[in-house]
Structure formats: C-alpha cells, structure tokens
file run-v2.tsv (TSV, C-alpha atoms)
chain	number	residue	atom	x	y	z
A	24	MET	CA	31.48	0.29	-29.17
A	25	TRP	CA	34.29	2.03	-27.29
A	26	HIS	CA	34.02	5.57	-26.09
A	27	THR	CA	35.82	7.96	-23.74
A	28	LEU	CA	34.26	9.11	-20.49
A	29	VAL	CA	35.56	12.34	-18.96
A	30	ILE	CA	34.67	13.08	-15.34
A	31	MET	CA	36.28	16.05	-13.63
A	32	GLY	CA	39.56	15.64	-15.48
A	33	LEU	CA	39.67	11.85	-15.21
A	34	ILE	CA	39.58	10.02	-18.57
A	35	VAL	CA	38.44	6.43	-18.74
A	36	VAL	CA	38.16	4.40	-21.92
A	37	CYS	CA	35.57	1.64	-21.56
A	38	MET	CA	32.79	-0.27	-23.21
A	39	THR	CA	29.48	1.52	-23.69
A	40	GLY	CA	27.82	1.89	-20.31
A	41	CYS	CA	31.02	1.93	-18.22
A	42	LYS	CA	29.43	-0.35	-15.61
A	43	LYS	CA	30.54	-3.39	-13.66
A	44	ASN	CA	29.10	-5.47	-10.84
A	45	SER	CA	30.07	-4.74	-7.25
A	46	THR	CA	31.77	-7.53	-5.30
A	47	HIS	CA	30.05	-6.39	-2.07
A	48	SER	CA	26.73	-7.62	-0.68
A	49	PRO	CA	24.14	-5.15	0.66
A	50	SER	CA	22.84	-5.36	4.24
A	51	ILE	CA	19.25	-4.92	5.43
A	52	ILE	CA	18.68	-1.96	7.76
A	53	SER	CA	14.91	-2.46	7.97
A	54	GLU	CA	12.59	-5.21	6.76
A	55	LEU	CA	9.92	-2.60	6.02
A	56	GLY	CA	10.63	1.04	5.23
A	57	TYR	CA	10.63	3.66	2.51
A	58	GLN	CA	12.59	6.71	1.34
A	59	PRO	CA	15.84	6.59	3.37
A	60	SER	CA	17.83	9.74	4.09
A	61	LEU	CA	21.36	9.73	5.56
A	62	SER	CA	23.61	11.83	7.77
A	63	VAL	CA	26.96	11.38	9.50
A	64	ASP	CA	28.11	13.58	12.39
A	65	THR	CA	31.60	14.75	13.34
A	66	THR	CA	32.14	11.69	15.58
A	67	GLY	CA	31.33	9.33	12.72
A	68	ILE	CA	27.88	8.22	13.90
A	69	ILE	CA	25.68	7.45	10.90
A	70	ARG	CA	21.94	7.98	11.09
A	71	VAL	CA	19.37	6.81	8.58
A	72	VAL	CA	15.79	8.07	8.76
A	73	TYR	CA	12.91	6.58	6.79
A	74	GLY	CA	9.15	6.24	6.87
A	75	LYS	CA	6.64	3.43	7.34
A	76	GLY	CA	2.99	4.45	7.17
A	77	ASP	CA	2.76	7.49	9.46
A	78	SER	CA	5.85	6.49	11.45
A	79	ILE	CA	9.17	8.35	11.27
A	80	LEU	CA	11.86	5.79	12.07
A	81	LEU	CA	15.60	6.05	12.75
A	82	SER	CA	18.47	3.61	12.89
A	83	THR	CA	22.10	4.38	13.75
A	84	SER	CA	25.53	2.91	13.10
A	85	GLN	CA	28.65	3.50	15.21
A	86	ASP	CA	30.94	1.19	13.24
A	87	SER	CA	31.12	2.98	9.87
A	88	GLY	CA	27.99	1.35	8.48
A	89	LYS	CA	28.91	-2.28	9.17
A	90	THR	CA	25.92	-2.75	11.49
A	91	PHE	CA	22.85	-0.70	12.39
A	92	SER	CA	20.84	-0.49	15.59
A	93	GLU	CA	17.24	-1.51	16.06
A	94	GLU	CA	15.00	1.22	14.71
A	95	ILE	CA	13.46	3.76	17.04
A	96	LEU	CA	10.27	5.75	16.55
A	97	ILE	CA	10.88	9.50	16.41
A	98	ASP	CA	7.21	10.37	15.94
A	99	THR	CA	3.93	9.33	14.39
A	100	LEU	CA	2.87	12.10	12.01
A	101	HIS	CA	-0.66	11.66	10.66
A	102	GLY	CA	-0.66	11.92	6.87
A	103	LEU	CA	3.13	11.61	6.56
A	104	HIS	CA	4.24	12.30	2.99
A	105	LEU	CA	6.08	9.24	1.71
A	106	GLY	CA	7.15	7.94	-1.71
A	107	MET	CA	8.55	9.42	-4.94
A	108	SER	CA	11.32	11.36	-3.11
A	109	ARG	CA	8.84	12.40	-0.41
A	110	GLY	CA	9.79	11.33	3.08
A	111	PRO	CA	11.65	12.45	6.21
A	112	GLN	CA	15.00	14.18	5.61
A	113	ILE	CA	17.99	14.30	7.97
A	114	SER	CA	21.15	16.34	8.55
A	115	SER	CA	23.76	16.41	11.34
A	116	SER	CA	25.95	19.24	12.62
A	117	ALA	CA	28.61	19.08	15.32
A	118	ASN	CA	26.14	19.00	18.21
A	119	TYR	CA	22.70	18.32	16.74
A	120	THR	CA	20.80	16.15	14.30
A	121	VAL	CA	17.60	17.44	12.72
A	122	VAL	CA	14.88	15.46	10.95
A	123	VAL	CA	12.32	17.26	8.80
A	124	ALA	CA	9.04	15.60	7.83
A	125	MET	CA	5.99	16.87	5.94
A	126	ASN	CA	2.35	15.87	6.15
A	127	LYS	CA	-0.30	15.85	3.45
A	128	PRO	CA	-2.20	18.89	4.79
A	129	GLY	CA	0.98	20.85	3.87
A	130	ASP	CA	2.95	21.56	7.05
A	131	ILE	CA	6.68	21.02	7.64
A	132	HIS	CA	7.74	19.60	11.01
A	133	ALA	CA	11.23	19.47	12.50
A	134	TYR	CA	12.65	17.24	15.24
A	135	SER	CA	15.93	18.02	16.98
A	136	LEU	CA	18.38	15.69	18.71
A	137	GLU	CA	21.06	17.23	20.91
A	138	HIS	CA	23.84	14.66	20.74
A	139	SER	CA	24.98	15.09	24.34
A	140	LYS	CA	21.45	14.46	25.67
A	141	ASN	CA	20.45	11.76	23.16
A	142	MET	CA	16.81	12.80	23.36
A	143	TRP	CA	14.56	13.99	20.54
A	144	THR	CA	12.50	17.15	20.99
A	145	LYS	CA	8.81	17.35	20.22
A	146	ARG	CA	7.94	18.49	16.71
A	147	VAL	CA	8.10	22.18	15.83
A	148	LYS	CA	6.71	23.78	12.69
A	149	VAL	CA	9.08	25.22	10.09
A	150	ASN	CA	6.57	26.98	7.81
A	151	ASP	CA	5.24	30.30	9.13
A	152	VAL	CA	2.13	30.17	6.90
A	153	PRO	CA	0.03	27.05	7.50
A	154	ARG	CA	-0.61	24.33	4.94
A	155	ILE	CA	1.43	25.70	2.06
A	156	ALA	CA	3.72	22.73	1.34
A	157	LYS	CA	1.24	20.23	-0.01
A	158	GLU	CA	3.67	18.61	-2.48
A	159	GLY	CA	5.67	17.20	0.44
A	160	LEU	CA	9.07	17.83	-1.14
A	161	SER	CA	11.87	19.24	1.01
A	162	SER	CA	15.59	18.99	1.84
A	163	VAL	CA	17.65	19.88	4.92
A	164	ALA	CA	21.35	20.72	5.34
A	165	SER	CA	23.59	22.08	8.09
A	166	ASP	CA	26.99	23.57	8.85
A	167	GLN	CA	29.24	22.62	11.78
A	168	LEU	CA	28.11	25.63	13.82
A	169	ASP	CA	24.66	24.11	14.38
A	170	ASN	CA	22.89	26.18	11.74
A	171	PHE	CA	20.26	24.18	9.85
A	172	TYR	CA	18.50	25.09	6.62
A	173	VAL	CA	15.37	23.68	5.01
A	174	THR	CA	14.07	24.28	1.49
A	175	TRP	CA	10.74	23.20	0.00
A	176	LEU	CA	8.03	23.79	-2.63
A	177	ASP	CA	5.61	26.43	-1.33
A	178	LEU	CA	2.10	27.46	-2.48
A	179	ARG	CA	1.51	30.60	-0.42
A	180	GLN	CA	-0.20	33.70	-1.86
A	181	ASP	CA	-1.13	32.41	-5.32
A	182	ASN	CA	-1.38	28.60	-5.03
A	183	ARG	CA	1.64	28.29	-7.36
A	184	ASN	CA	4.75	26.37	-6.36
A	185	LYS	CA	7.74	28.51	-5.45
A	186	ILE	CA	11.03	27.73	-3.72
A	187	TYR	CA	11.16	28.81	-0.07
A	188	ALA	CA	13.71	28.31	2.70
A	189	SER	CA	14.18	28.82	6.42
A	190	ARG	CA	17.12	28.76	8.85
A	191	SER	CA	17.44	27.59	12.42
A	192	ALA	CA	20.34	28.91	14.48
A	193	GLN	CA	19.34	26.85	17.52
A	194	GLY	CA	19.91	23.30	16.33
A	195	GLY	CA	16.48	22.99	14.76
A	196	GLU	CA	14.41	23.90	17.81
A	197	HIS	CA	13.32	27.31	16.45
A	198	TRP	CA	12.97	28.45	12.83
A	199	GLN	CA	13.28	31.93	11.38
A	200	GLU	CA	10.93	33.77	9.07
A	201	ASN	CA	10.51	31.92	5.79
A	202	VAL	CA	12.37	33.40	2.82
A	203	LEU	CA	11.32	33.38	-0.84
A	204	VAL	CA	14.19	31.89	-2.82
A	205	TYR	CA	12.66	31.95	-6.29
A	206	ARG	CA	9.37	32.52	-8.08
A	207	SER	CA	9.15	31.48	-11.74
A	208	PRO	CA	7.94	34.17	-14.17
A	209	ASP	CA	6.06	31.34	-15.90
A	210	SER	CA	3.86	31.03	-12.78
A	211	THR	CA	5.38	27.92	-11.15
A	212	VAL	CA	8.54	25.89	-10.74
A	213	CYS	CA	8.39	22.18	-11.59
A	214	GLU	CA	5.68	20.88	-9.30
A	215	CYS	CA	6.86	17.40	-8.29
A	216	CYS	CA	10.68	17.51	-8.11
A	217	ARG	CA	12.37	17.71	-4.72
A	218	PRO	CA	14.77	20.65	-4.30
A	219	ALA	CA	18.25	19.93	-2.91
A	220	ILE	CA	20.37	22.05	-0.56
A	221	ALA	CA	24.04	22.35	0.45
A	222	VAL	CA	25.86	24.66	2.87
A	223	ASN	CA	29.42	26.00	2.98
A	224	GLY	CA	30.04	28.53	5.76
A	225	ASP	CA	27.62	31.43	5.27
A	226	LYS	CA	26.84	30.28	1.73
A	227	VAL	CA	23.68	28.31	1.01
A	228	PHE	CA	23.04	26.66	-2.36
A	229	ILE	CA	19.59	25.45	-3.42
A	230	MET	CA	19.09	23.39	-6.57
A	231	PHE	CA	15.62	22.97	-8.07
A	232	ARG	CA	13.93	22.05	-11.31
A	233	ASN	CA	12.51	25.16	-12.95
A	234	TRP	CA	9.76	25.57	-15.52
A	235	LEU	CA	10.61	28.25	-18.08
A	236	ASN	CA	9.31	28.46	-21.63
A	237	GLY	CA	8.21	24.85	-21.46
A	238	SER	CA	11.62	23.57	-20.25
A	239	ARG	CA	12.17	21.60	-17.06
A	240	ASP	CA	15.83	22.44	-16.45
A	241	MET	CA	17.82	22.48	-13.21
A	242	HIS	CA	18.86	25.78	-11.61
A	243	VAL	CA	20.92	26.74	-8.54
A	244	ALA	CA	20.22	29.78	-6.36
A	245	GLU	CA	22.97	31.00	-4.02
A	246	SER	CA	22.85	32.97	-0.77
A	247	GLY	CA	25.95	34.55	0.77
A	248	ASP	CA	24.29	35.62	4.02
A	249	GLN	CA	22.87	32.44	5.59
A	250	ALA	CA	19.69	32.31	3.50
A	251	VAL	CA	18.56	35.88	4.07
A	252	HIS	CA	18.86	36.84	0.39
A	253	PHE	CA	19.34	34.74	-2.74
A	254	ASN	CA	20.89	35.62	-6.09
A	255	GLN	CA	19.13	35.04	-9.38
A	256	PRO	CA	19.37	31.30	-10.09
A	257	VAL	CA	21.90	29.92	-12.59
A	258	LYS	CA	20.79	27.31	-15.12
A	259	LEU	CA	22.72	24.04	-15.08
A	260	GLY	CA	23.84	22.10	-18.12
A	261	ASP	CA	24.29	22.86	-21.79
A	262	GLY	CA	21.03	21.41	-23.08
A	263	THR	CA	17.36	21.85	-22.27
A	264	TRP	CA	14.43	19.54	-21.59
A	265	LYS	CA	11.13	20.51	-23.17
A	266	LEU	CA	8.52	18.48	-21.33
A	267	LYS	CA	4.76	18.70	-20.91
A	268	GLY	CA	4.66	17.22	-17.45
A	269	CYS	CA	6.79	16.72	-14.37
A	270	PRO	CA	9.54	14.06	-14.32
A	271	MET	CA	9.25	13.74	-10.51
A	272	ASP	CA	13.04	13.67	-10.25
A	273	GLY	CA	15.21	16.21	-8.44
A	274	GLY	CA	18.88	15.43	-7.88
A	275	GLY	CA	21.72	16.13	-5.47
A	276	ILE	CA	24.10	18.95	-4.61
A	277	THR	CA	27.33	19.14	-2.60
A	278	VAL	CA	30.21	21.55	-1.96
A	279	TYR	CA	33.71	20.15	-2.34
A	280	LYS	CA	37.31	21.15	-3.06
A	281	ASN	CA	37.74	24.89	-2.55
A	282	GLY	CA	34.06	25.71	-2.46
A	283	GLU	CA	33.15	24.26	-5.86
A	284	VAL	CA	29.49	23.31	-6.10
A	285	MET	CA	28.91	19.90	-7.69
A	286	THR	CA	25.45	18.76	-8.76
A	287	THR	CA	23.85	15.65	-10.23
A	288	TRP	CA	20.52	15.52	-12.02
A	289	ARG	CA	18.58	13.99	-14.87
A	290	ARG	CA	17.69	15.37	-18.29
A	291	GLU	CA	15.42	13.11	-20.34
A	292	ASP	CA	16.81	9.59	-19.75
A	293	THR	CA	20.37	10.61	-18.89
A	294	VAL	CA	22.05	11.37	-15.55
A	295	PHE	CA	24.70	14.10	-15.46
A	296	ILE	CA	27.16	15.60	-13.02
A	297	ASN	CA	27.83	19.29	-13.30
A	298	VAL	CA	29.99	21.85	-11.50
A	299	VAL	CA	28.05	25.10	-11.40
A	300	ASN	CA	29.14	27.41	-14.25
A	301	GLN	CA	30.93	24.56	-16.04
A	302	SER	CA	29.88	22.11	-18.75
A	303	GLU	CA	27.92	19.02	-17.79
A	304	GLN	CA	29.39	15.50	-17.87
A	305	LYS	CA	27.32	12.43	-18.70
A	306	LEU	CA	27.26	9.59	-16.19
A	307	GLY	CA	24.91	7.28	-18.08
A	308	SER	CA	21.27	6.44	-18.51
A	309	GLY	CA	19.11	6.60	-15.43
A	310	LYS	CA	17.30	8.73	-12.83
A	311	GLN	CA	17.05	9.40	-9.06
A	312	SER	CA	20.65	10.53	-8.60
A	313	ASP	CA	22.32	11.79	-5.42
A	314	ILE	CA	25.80	13.08	-4.61
A	315	THR	CA	28.09	13.66	-1.63
A	316	SER	CA	31.67	14.81	-1.10
A	317	TYR	CA	34.57	14.74	1.34
A	318	GLY	CA	37.49	17.08	0.78
A	319	ASN	CA	38.59	16.80	-2.84
A	320	ASN	CA	36.57	13.69	-3.66
A	321	TYR	CA	32.93	12.99	-4.42
A	322	GLY	CA	30.68	9.98	-4.84
A	323	VAL	CA	27.46	9.72	-6.81
A	324	THR	CA	24.66	7.16	-6.99
A	325	TRP	CA	21.69	6.72	-9.32
A	326	VAL	CA	19.15	4.21	-10.63
A	327	ASP	CA	18.84	2.61	-14.05
A	328	GLU	CA	16.37	-0.18	-14.81
A	329	ASN	CA	15.87	-0.92	-11.10
A	330	GLN	CA	19.63	-1.21	-10.48
A	331	ILE	CA	21.57	0.97	-8.03
A	332	TYR	CA	24.80	2.40	-9.48
A	333	PHE	CA	27.77	4.12	-7.87
A	334	SER	CA	30.81	5.96	-9.16
A	335	SER	CA	33.24	8.44	-7.65
A	336	SER	CA	35.89	10.96	-8.60
A	337	LYS	CA	38.50	8.22	-8.18
A	338	GLN	CA	36.37	5.39	-9.54
A	339	PRO	CA	34.53	6.75	-12.59
A	340	MET	CA	33.64	3.28	-13.90
A	341	ALA	CA	30.21	2.66	-12.36
A	342	SER	CA	29.54	-0.32	-10.09
A	343	VAL	CA	26.20	-2.10	-9.79
A	344	LEU	CA	25.28	-2.40	-6.11
A	345	GLY	CA	21.95	-4.23	-6.23
A	346	ASN	CA	18.27	-3.94	-7.07
A	347	GLY	CA	16.23	-1.00	-5.87
A	348	SER	CA	15.31	2.66	-6.11
A	349	PHE	CA	15.65	6.06	-4.42
A	350	PRO	CA	19.26	5.80	-3.22
A	351	ALA	CA	20.85	8.25	-0.77
A	352	ILE	CA	24.61	8.63	-0.29
A	353	VAL	CA	26.90	10.04	2.39
A	354	ALA	CA	30.71	10.22	2.55
A	355	LEU	CA	32.19	8.47	5.57
A	356	ASN	CA	35.72	9.73	4.90
A	357	ASN	CA	37.93	10.44	1.91
A	358	MET	CA	37.88	6.81	0.81
A	359	GLU	CA	34.46	5.29	1.69
A	360	TYR	CA	30.80	6.03	1.06
A	361	LEU	CA	27.58	4.64	2.49
A	362	ILE	CA	24.58	4.22	0.21
A	363	ALA	CA	21.05	3.34	1.40
A	364	TRP	CA	18.06	2.61	-0.80
A	365	GLU	CA	14.65	0.95	-1.11
A	366	SER	CA	14.37	-2.61	-2.38
A	367	GLU	CA	11.08	-4.50	-2.26
A	368	SER	CA	9.93	-2.41	0.73
A	369	LYS	CA	13.20	-3.01	2.60
A	370	ILE	CA	15.85	-0.43	3.48
A	371	MET	CA	19.20	-1.68	2.19
A	372	SER	CA	22.71	-0.29	2.72
A	373	LEU	CA	26.22	-0.84	1.47
A	374	VAL	CA	29.61	0.68	2.28
A	375	VAL	CA	31.58	1.12	-0.94
A	376	PRO	CA	35.18	2.23	-1.47
A	377	GLY	CA	35.72	5.37	-3.47
A	378	ILE	CA	38.66	3.82	-5.32
A	379	LYS	CA	39.43	0.36	-6.66

call {"tool": "encode", "arguments": {"input": "run-v2.tsv", "output": "structure tokens"}}
result
Amino acid sequence: MWHTLVIMGLIVVCMTGCKKNSTHSPSIISELGYQPSLSVDTTGIIRVVYGKGDSILLSTSQDSGKTFSEEILIDTLHGLHLGMSRGPQISSSANYTVVVAMNKPGDIHAYSLEHSKNMWTKRVKVNDVPRIAKEGLSSVASDQLDNFYVTWLDLRQDNRNKIYASRSAQGGEHWQENVLVYRSPDSTVCECCRPAIAVNGDKVFIMFRNWLNGSRDMHVAESGDQAVHFNQPVKLGDGTWKLKGCPMDGGGITVYKNGEVMTTWRREDTVFINVVNQSEQKLGSGKQSDITSYGNNYGVTWVDENQIYFSSSKQPMASVLGNGSFPAIVALNNMEYLIAWESESKIMSLVVPGIK
C-alpha cells in the first residue's frame, strides 16, 4: 500500500515502511562493549565512550570515523550502571571533553579531558546529595564556551524520581548546586527512561518521559539562564500513551536551524520526530531513537526488530544499517553522520551520508 510521508516539509511517496538497505558495511570499534555514546569536538575528533563490566572505555577517530584508536581505560567504577540506556555519557566543547558515569549506589561521577593536555582528571561527583540517582539514567551536553550540563533522575527528599540538573563552568572539573527541573504532581516521573539534554547559548532544553494521569508522554523543560531556572515543561506530540509500566525508552533532542528544538521519541510501537510546539511526524515502527543536527539539517536513528535505521532531513527514506540496538548518532558536518551501536556485545559504527 502506498502512502505519503511528510518530514519537516519534505514529502516522499513510498511503499509502506519507507525503508531500504544501506550499501555501506559497519566497522567494529570494540570486540566487547556496551552502550556507546558519541561526541565530536570543534577540530573534528570523534570520541566514543562505552562500558565493559566496571570499566569506562574510550576510543577516538581523527579521520572522520573511518578508523578508531585502540581503546583506553578512563576509570574503573565499581558498580557501573550499564545496559538499557544506562552507561557512560560524553560531550565535547571547544577545549574539553566530559564523560559522566553513574554507579549502582546512586552517585554521578564526571571525568574531564582538557584537549591541549590530553590527560583525564580523576573523577569528581556531580550530585550534591549522596546516593540519589539509583536508576542510573543521565545525559550530558555542552556549549562551545566550555559550559557542561548534566541531567538525571533523582530520588532526594521523598524517594520519588524527579528531574534534576547541574552545570559546570570549568570544563567539568567542578559542578554547581543541583537544580530541580521538574517534580510530577502525580508523585514521580517515568522511572526507567533516560532524560535527554541539548544546549543553545544560555538556553538549556531537557526532554523526559513524564507520568501524568496514567500517561507516559514526553515533555521538554526549558531554561533561559544556563540551568538556574526552568519553565513549566511542554508536552510533546498530539496523542497520549496510557501505560501501566515503564517503557524504558527515552529519546533524543537537538537544536538546529534558528534555535528550533527537534526531538525524537517513542509512543507505543511508533517512533516520531517532533519540533517543540509543532505537530509530531511519524518515522515508523520502532524504539530507542536518537537525533543530532548540523546547521539546517538533522539525522535520526532508531531500532526496529533488531535492525538499526537511519534517515535525515535530506534523506527521509530510511536506510537499514545492520543488526543491533541502542544506537547513538552525531553529525560530522552538514552532509555526514556517524552512528554507533551495540551488536552481539560488540560496538559497531558506520559513517552515513545525509543525502543520497
């Protein structure tokens, strides 16, 4: 059956599913690793962080993702949270790269790399109340002025999950007082979905799955003063998802064009993209979606039936990249994207063009 797919003003008429196989072959970054997270700095160096047991591991590429270095050990963190979107997270600014990792007792640890020194600092704690992040779900983002922001699920005061955040103005070496982003009037936000974060100048955007009146819908909270205060969150999408349980599926958020905030997330068995305050657009069936942008273009990846999919603003017909789960995506420039994912305990990667 034919149907029309509309994505951000682009109209594509295709067969149901709008999917085709990629002509590219994935590469292996690591023979054993889980939960990759990606960053690219202003010089084009790509870094992928992932976990293996209690080890936080990092590999780098200086040739636009064609090859990756031997992995290095950043730290061994006893009880490292790993699996189901839990794992070390990474972000790069102009002069620093920061990795955030959480352990099962409920503490959030940050590691900072000053690019000019090429040496990782010892771990510092992000949370100012001990053992309050037991779900192990966090995200990190940065601007190009070396400000870093972390958001996570937090249990302080009442043992109910809330959204908290913190900022570092020193490249991740010191973290400011933790800030309450949102507390659900229905006692808790969704307990097992990782929040996502994006930064644009002084503006910080945090997307999370809420729990209101039995619905597990996505919301975005915005700060205009570098995560000191946050506005009341805005619900995403036109529909709602009544669910007695947690889907264990967050999503992705990015800022592109002239400050437009683009998100991707799952409702029931469908993955959507959605500009905040606009109507949602269906990508297809699936879960575990992530999104990135560069200038006026964006790329998105997700999983359906153990297959990794990719589409972009200039290539809305989805490509199948390979088998796996938990993909992460980063824009290398206005025309290429790098995607990394798990596949049979390996960390795989593939550079894909944003246009065919």

call {"tool": "closest_residue", "arguments": {"input": "run-v2.tsv", "among": "A:Gln167, A:Thr99, A:Ser191, A:Ser372", "to": "A:Thr83", "atoms": "all atoms listed in the file"}}
result
A:Ser372

call {"tool": "closest_residue", "arguments": {"input": "run-v2.tsv", "among": "A:Val202, A:Ala192, A:Leu176, A:Ala117", "to": "A:Gly67", "atoms": "all atoms listed in the file"}}
result
A:Ala117

call {"tool": "residues_around", "arguments": {"input": "run-v2.tsv", "residues": "A:Val227", "least_positions_apart": "5", "cutoff": "10 Å", "atoms": "all atoms listed in the file", "output": "list in words"}}
result
Ala164, Ser165, Asp166, Tyr172, Ile220, Ala221, Val222, Ala244, Glu245, Ser246, Gly247, Asp248, Gln249, Ala250, Val251, His252, Phe253 and Val278 of chain A

call {"tool": "closest_residue", "arguments": {"input": "run-v2.tsv", "among": "A:Asp177, A:Glu214, A:Glu196, A:Asp240", "to": "A:Glu291", "atoms": "all atoms listed in the file"}}
result
A:Asp240

call {"tool": "closest_residue", "arguments": {"input": "run-v2.tsv", "among": "A:Tyr57, A:Tyr187, A:Tyr205, A:Trp364", "to": "A:Asp77", "atoms": "all atoms listed in the file"}}
result
A:Tyr57

call {"tool": "atom_distance", "arguments": {"input": "run-v2.tsv", "atom1": "atom CA of A:Val121", "atom2": "atom CA of A:Leu100"}}
result
15.7 Å

call {"tool": "residues_near_point", "arguments": {"input": "run-v2.tsv", "point": "(28.1, 12.0, 10.6)", "cutoff": "10 Å", "atoms": "only C-alpha atoms", "output": "list of chain:residue names"}}
result
A:Leu61, A:Ser62, A:Val63, A:Asp64, A:Thr65, A:Thr66, A:Gly67, A:Ile68, A:Ile69, A:Arg70, A:Ser84, A:Gln85, A:Ser87, A:Ser114, A:Ser115, A:Ser116, A:Ala117, A:Thr120, A:Val353, A:Ala354, A:Leu355, A:Asn356

call {"tool": "write_last_selection", "arguments": {"input": "run-v2.tsv", "atoms": "C-alpha atoms", "output": "PDB file, in the frame of the given file"}}
result
ATOM      1  CA  LEU A  61      21.360   9.730   5.560  1.00  0.00           C
ATOM      2  CA  SER A  62      23.610  11.830   7.770  1.00  0.00           C
ATOM      3  CA  VAL A  63      26.960  11.380   9.500  1.00  0.00           C
ATOM      4  CA  ASP A  64      28.110  13.580  12.390  1.00  0.00           C
ATOM      5  CA  THR A  65      31.600  14.750  13.340  1.00  0.00           C
ATOM      6  CA  THR A  66      32.140  11.690  15.580  1.00  0.00           C
ATOM      7  CA  GLY A  67      31.330   9.330  12.720  1.00  0.00           C
ATOM      8  CA  ILE A  68      27.880   8.220  13.900  1.00  0.00           C
ATOM      9  CA  ILE A  69      25.680   7.450  10.900  1.00  0.00           C
ATOM     10  CA  ARG A  70      21.940   7.980  11.090  1.00  0.00           C
ATOM     11  CA  SER A  84      25.530   2.910  13.100  1.00  0.00           C
ATOM     12  CA  GLN A  85      28.650   3.500  15.210  1.00  0.00           C
ATOM     13  CA  SER A  87      31.120   2.980   9.870  1.00  0.00           C
ATOM     14  CA  SER A 114      21.150  16.340   8.550  1.00  0.00           C
ATOM     15  CA  SER A 115      23.760  16.410  11.340  1.00  0.00           C
ATOM     16  CA  SER A 116      25.950  19.240  12.620  1.00  0.00           C
ATOM     17  CA  ALA A 117      28.610  19.080  15.320  1.00  0.00           C
ATOM     18  CA  THR A 120      20.800  16.150  14.300  1.00  0.00           C
ATOM     19  CA  VAL A 353      26.900  10.040   2.390  1.00  0.00           C
ATOM     20  CA  ALA A 354      30.710  10.220   2.550  1.00  0.00           C
ATOM     21  CA  LEU A 355      32.190   8.470   5.570  1.00  0.00           C
ATOM     22  CA  ASN A 356      35.720   9.730   4.900  1.00  0.00           C
TER      23      ASN A 356
END

call {"tool": "atom_distance", "arguments": {"input": "run-v2.tsv", "atom1": "atom CA of A:Asp86", "atom2": "atom CA of A:Tyr317"}}
result
18.4 Å

call {"tool": "closest_residue", "arguments": {"input": "run-v2.tsv", "among": "A:Val375, A:Met230, A:Val122, A:Cys216", "to": "A:Cys269", "atoms": "only C-alpha atoms"}}
result
A:Cys216

call {"tool": "atom_distance", "arguments": {"input": "run-v2.tsv", "atom1": "atom CA of A:Val374", "atom2": "atom CA of A:His104"}}
result
27.9 Å

call {"tool": "residues_near_point", "arguments": {"input": "run-v2.tsv", "point": "(4.5, 32.2, -8.0)", "cutoff": "12 Å", "atoms": "all atoms listed in the file", "output": "list in words"}}
result
Leu176, Asp177, Leu178, Arg179, Gln180, Asp181, Asn182, Arg183, Asn184, Lys185, Ile186, Tyr187, Leu203, Val204, Tyr205, Arg206, Ser207, Pro208, Asp209, Ser210, Thr211, Val212, Cys213, Glu214, Asn233 and Trp234 of chain A

call {"tool": "residues_around", "arguments": {"input": "run-v2.tsv", "residues": "A:Ser302", "least_positions_apart": "5", "cutoff": "10 Å", "atoms": "only C-alpha atoms", "output": "list in words"}}
result
Leu259, Gly260, Asp261, Gly262, Ile296 and Asn297 of chain A

call {"tool": "closest_residue", "arguments": {"input": "run-v2.tsv", "among": "A:Asn150, A:Asn236, A:Ser316, A:Gln338", "to": "A:Asn357", "atoms": "all atoms listed in the file"}}
result
A:Ser316

call {"tool": "residues_around", "arguments": {"input": "run-v2.tsv", "residues": "A:Asn346", "least_positions_apart": "6", "cutoff": "10 Å", "atoms": "only C-alpha atoms", "output": "ChimeraX atom specification"}}
result
/A:49,326-332,364-367,371

call {"tool": "write_last_selection", "arguments": {"input": "run-v2.tsv", "atoms": "C-alpha atoms", "output": "PDB file, in the coordinates of the input"}}
result
ATOM      1  CA  PRO A  49      24.140  -5.150   0.660  1.00  0.00           C
ATOM      2  CA  VAL A 326      19.150   4.210 -10.630  1.00  0.00           C
ATOM      3  CA  ASP A 327      18.840   2.610 -14.050  1.00  0.00           C
ATOM      4  CA  GLU A 328      16.370  -0.180 -14.810  1.00  0.00           C
ATOM      5  CA  ASN A 329      15.870  -0.920 -11.100  1.00  0.00           C
ATOM      6  CA  GLN A 330      19.630  -1.210 -10.480  1.00  0.00           C
ATOM      7  CA  ILE A 331      21.570   0.970  -8.030  1.00  0.00           C
ATOM      8  CA  TYR A 332      24.800   2.400  -9.480  1.00  0.00           C
ATOM      9  CA  TRP A 364      18.060   2.610  -0.800  1.00  0.00           C
ATOM     10  CA  GLU A 365      14.650   0.950  -1.110  1.00  0.00           C
ATOM     11  CA  SER A 366      14.370  -2.610  -2.380  1.00  0.00           C
ATOM     12  CA  GLU A 367      11.080  -4.500  -2.260  1.00  0.00           C
ATOM     13  CA  MET A 371      19.200  -1.680   2.190  1.00  0.00           C
TER      14      MET A 371
END
